[in-house]
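Scroll down for the structure; my scribbles are underneath it.
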Amino acid sequence: MTNIIMHGCGGKMGRVIADLVKQDTNCRIVAGIDPAKPELDFPVFASPAECDIHADVIIDFSTASAVPALLDFSQQQNIPVVICTTALSEETLAKLKETAKSVAVLRSANMSIGINLLLDLVQRAANILYDANFDIEIIEKHHNQKIDAPSGTAMALADAINEAMDEKFHYVYDRSEKREKRERTEIGIHAIRGGNIVGEHDVLFAGRDEVITLSHHASSREVFAVGAVKAAKFLAEQPAGLYTMKDVLA
């Protein structure tokens, strides 16, 4: 039985994960952390510092500003933590890496199993298509309540391509201020916000007379919850270190 602390339990993803875990006989949520202190069927604390319940692992779906305090708690209590929150600052990312020296930490821009397969596919496609003079563009679409843009997943896709291609690309987010032709070494990244779109990511490889599109469309938040719970079960058994969803799916 994997005992989980849900950080950000009052948010939309926190509640989806809580509902999913109820149906899983191999894990349970023993505590939640959320400043709003919603009434749920497990104890909820306003901050990590107030939480006095131990667990095997923490799942975080909160806000970027809340992550540093959670990392302190994770290290102090020696509890592995799955960080699902995006738009982390460079300072927080450095703190995350430091925390991973003493406790298991998993970070992913997107917990969907499908997205993590897509990360692998875009690398393979870029290796083949760049030499054939294909341009690369990324389009992401999300609901009108999403704060950060571009999405963490869009940036992860761009970074995955760049990593596979020896960092030869630079990113372009807005072409309205410059009237010039597209450069061969750029990846255009575009954000769309509207309605209640859960999450859509399209990676376009545009060549002469043909276009290849690799896409992932999420129909519900449950796809992210499934991945987060899978990651939590994996991480609870791991030694200190920095992990990704690639390790979970290996």
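Chain labels follow the order of the structure tokens: the first chain is A, the next B, and so on; residue numbering restarts at 1 in every chain, and ligands are counted from 1 in their shown order.
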With segment 92-110 of chain A as the partner and 12 Å as the cut-off, tabulate the residues of segment 142-245 of chain A that qualify, each row holding the nearest pair of atoms and their distance in Å to one decimal, using only C-alpha atoms, sorted by chain and rising number, as JSON lines.
```
{"residue": "A:Pro150", "atom": "CA", "partner": "A:Ala109", "partner_atom": "CA", "distance": 11.7}
{"residue": "A:Ser151", "atom": "CA", "partner": "A:Ala109", "partner_atom": "CA", "distance": 8.5}
{"residue": "A:Gly152", "atom": "CA", "partner": "A:Ala109", "partner_atom": "CA", "distance": 5.2}
{"residue": "A:Thr153", "atom": "CA", "partner": "A:Ala109", "partner_atom": "CA", "distance": 5.2}
{"residue": "A:Ala154", "atom": "CA", "partner": "A:Ala109", "partner_atom": "CA", "distance": 8.8}
{"residue": "A:Met155", "atom": "CA", "partner": "A:Ala109", "partner_atom": "CA", "distance": 8.4}
{"residue": "A:Ala156", "atom": "CA", "partner": "A:Ala109", "partner_atom": "CA", "distance": 6.6}
{"residue": "A:Leu157", "atom": "CA", "partner": "A:Ala109", "partner_atom": "CA", "distance": 9.5}
{"residue": "A:Ala158", "atom": "CA", "partner": "A:Ala109", "partner_atom": "CA", "distance": 11.9}
{"residue": "A:Asp159", "atom": "CA", "partner": "A:Ala109", "partner_atom": "CA", "distance": 11.2}
{"residue": "A:Ala160", "atom": "CA", "partner": "A:Ala109", "partner_atom": "CA", "distance": 11.7}
{"residue": "A:Gly199", "atom": "CA", "partner": "A:Asn110", "partner_atom": "CA", "distance": 10.2}
{"residue": "A:Glu200", "atom": "CA", "partner": "A:Asn110", "partner_atom": "CA", "distance": 11.7}
{"residue": "A:His201", "atom": "CA", "partner": "A:Asn110", "partner_atom": "CA", "distance": 11.2}
{"residue": "A:His216", "atom": "CA", "partner": "A:Asn110", "partner_atom": "CA", "distance": 11.5}
{"residue": "A:Ala218", "atom": "CA", "partner": "A:Asn110", "partner_atom": "CA", "distance": 11.1}
{"residue": "A:Arg221", "atom": "CA", "partner": "A:Asn110", "partner_atom": "CA", "distance": 11.1}
{"residue": "A:Val223", "atom": "CA", "partner": "A:Asn110", "partner_atom": "CA", "distance": 9.8}
{"residue": "A:Phe224", "atom": "CA", "partner": "A:Asn110", "partner_atom": "CA", "distance": 7.1}
{"residue": "A:Ala225", "atom": "CA", "partner": "A:Asn110", "partner_atom": "CA", "distance": 10.2}
{"residue": "A:Val226", "atom": "CA", "partner": "A:Asn110", "partner_atom": "CA", "distance": 11.3}
{"residue": "A:Gly227", "atom": "CA", "partner": "A:Asn110", "partner_atom": "CA", "distance": 8.7}
{"residue": "A:Ala228", "atom": "CA", "partner": "A:Asn110", "partner_atom": "CA", "distance": 9.1}
{"residue": "A:Val229", "atom": "CA", "partner": "A:Leu106", "partner_atom": "CA", "distance": 12.0}
{"residue": "A:Lys230", "atom": "CA", "partner": "A:Leu106", "partner_atom": "CA", "distance": 11.6}
{"residue": "A:Ala231", "atom": "CA", "partner": "A:Leu106", "partner_atom": "CA", "distance": 7.8}
{"residue": "A:Ala232", "atom": "CA", "partner": "A:Leu106", "partner_atom": "CA", "distance": 8.7}
{"residue": "A:Lys233", "atom": "CA", "partner": "A:Leu106", "partner_atom": "CA", "distance": 11.4}
{"residue": "A:Phe234", "atom": "CA", "partner": "A:Leu106", "partner_atom": "CA", "distance": 9.8}
{"residue": "A:Leu235", "atom": "CA", "partner": "A:Ala104", "partner_atom": "CA", "distance": 6.7}
{"residue": "A:Ala236", "atom": "CA", "partner": "A:Ala104", "partner_atom": "CA", "distance": 8.0}
{"residue": "A:Glu237", "atom": "CA", "partner": "A:Ala104", "partner_atom": "CA", "distance": 9.0}
{"residue": "A:Gln238", "atom": "CA", "partner": "A:Ala104", "partner_atom": "CA", "distance": 6.3}
{"residue": "A:Pro239", "atom": "CA", "partner": "A:Ala104", "partner_atom": "CA", "distance": 5.7}
{"residue": "A:Ala240", "atom": "CA", "partner": "A:Ala104", "partner_atom": "CA", "distance": 4.0}
{"residue": "A:Gly241", "atom": "CA", "partner": "A:Ala100", "partner_atom": "CA", "distance": 4.7}
{"residue": "A:Leu242", "atom": "CA", "partner": "A:Val105", "partner_atom": "CA", "distance": 5.1}
{"residue": "A:Tyr243", "atom": "CA", "partner": "A:Leu106", "partner_atom": "CA", "distance": 4.4}
{"residue": "A:Thr244", "atom": "CA", "partner": "A:Leu106", "partner_atom": "CA", "distance": 5.3}
{"residue": "A:Met245", "atom": "CA", "partner": "A:Ser108", "partner_atom": "CA", "distance": 6.4}
```
Practice problem: Would you list, as a PyMOL selection string, the residues of segment 12-249 of chain A that end up in helix (DSSP H, G or I) under DSSP run on this structure's backbone? | Solution: chain A and resi 12-22+48-50+64-77+90-99+113-132+152-164+222-235+245-249
Using only C-alpha atoms, find each residue of segment 86-135 of chain A with at least one atom at most 9 Å away from an atom of segment 163-171 of chain A; report its shortest atom-to-atom pair and that distance in Å (one decimal), sort the rows by chain and rising residue number, and return the result as a tab-separated table.
```
residue	atom	partner	partner_atom	distance
A:Gln123	CA	A:Ala164	CA	5.7
A:Arg124	CA	A:Ala164	CA	8.0
A:Ala126	CA	A:Met165	CA	7.4
A:Asn127	CA	A:Met165	CA	6.7
A:Tyr130	CA	A:Met165	CA	8.8
```
So that I have them on file, write out the residues from the current selection with N, CA, C and O atoms, as a CSV table (one decimal), in the first residue's frame.
```csv
chain,number,residue,atom,x,y,z
A,123,GLN,N,11.6,13.6,-31.1
A,123,GLN,CA,13.1,13.5,-31.2
A,123,GLN,C,13.5,12.7,-32.4
A,123,GLN,O,14.3,13.1,-33.2
A,124,ARG,N,12.8,11.6,-32.6
A,124,ARG,CA,13.1,10.7,-33.7
A,124,ARG,C,12.8,11.4,-35.0
A,124,ARG,O,13.5,11.3,-36.0
A,126,ALA,N,12.6,14.7,-35.6
A,126,ALA,CA,13.5,15.8,-35.9
A,126,ALA,C,14.8,15.3,-36.5
A,126,ALA,O,15.4,15.9,-37.4
A,127,ASN,N,15.3,14.2,-36.0
A,127,ASN,CA,16.6,13.6,-36.4
A,127,ASN,C,16.5,13.3,-37.9
A,127,ASN,O,17.5,13.4,-38.7
A,130,TYR,N,14.9,17.1,-40.2
A,130,TYR,CA,15.7,18.3,-40.2
A,130,TYR,C,16.6,18.4,-41.5
A,130,TYR,O,16.7,19.4,-42.2
```
Exercise. Step one, run DSSP on the backbone; step two, keep only residues of segment 13-202 of chain A assigned to strand (DSSP E); then write them as a PyMOL selection string.
Key: chain A and resi 27-33+44-45+57-60+81-83+104-107+135-142+170-172+186-193+199-202
Self-check item: Proximity to Val172 of chain A - best of A:Ala55, A:Ile33, A:Ile197, A:Ile136, only C-alpha atoms
Solution: A:Ile136
Self-check item: Nearest to Cys9 of chain A, chosen from A:Ala66, A:Val21, A:Leu88, A:Leu40, with only C-alpha atoms counted in the distances
Solution: A:Leu40
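Counting only C-alpha atoms and comparing A:Glu186, A:Glu222, A:Asp202, A:Asp148, the residue that lies closest to Leu119 of chain A is A:Asp202.
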Practice problem: Go through A:Ala206, A:Val81, A:Met6, A:Ile58 and flag the residue nearest Phe45 of chain A, using only C-alpha atoms for the distances. | Solution: A:Met6
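For the pair atom CA of Ile139 of chain A and atom CA of His190 of chain A, the separation is 4.8 Å.
For the atom pair formed by atom CA of Ala250 of chain A and atom CA of Asp120 of chain A, the distance is 12.0 Å, given to one decimal.
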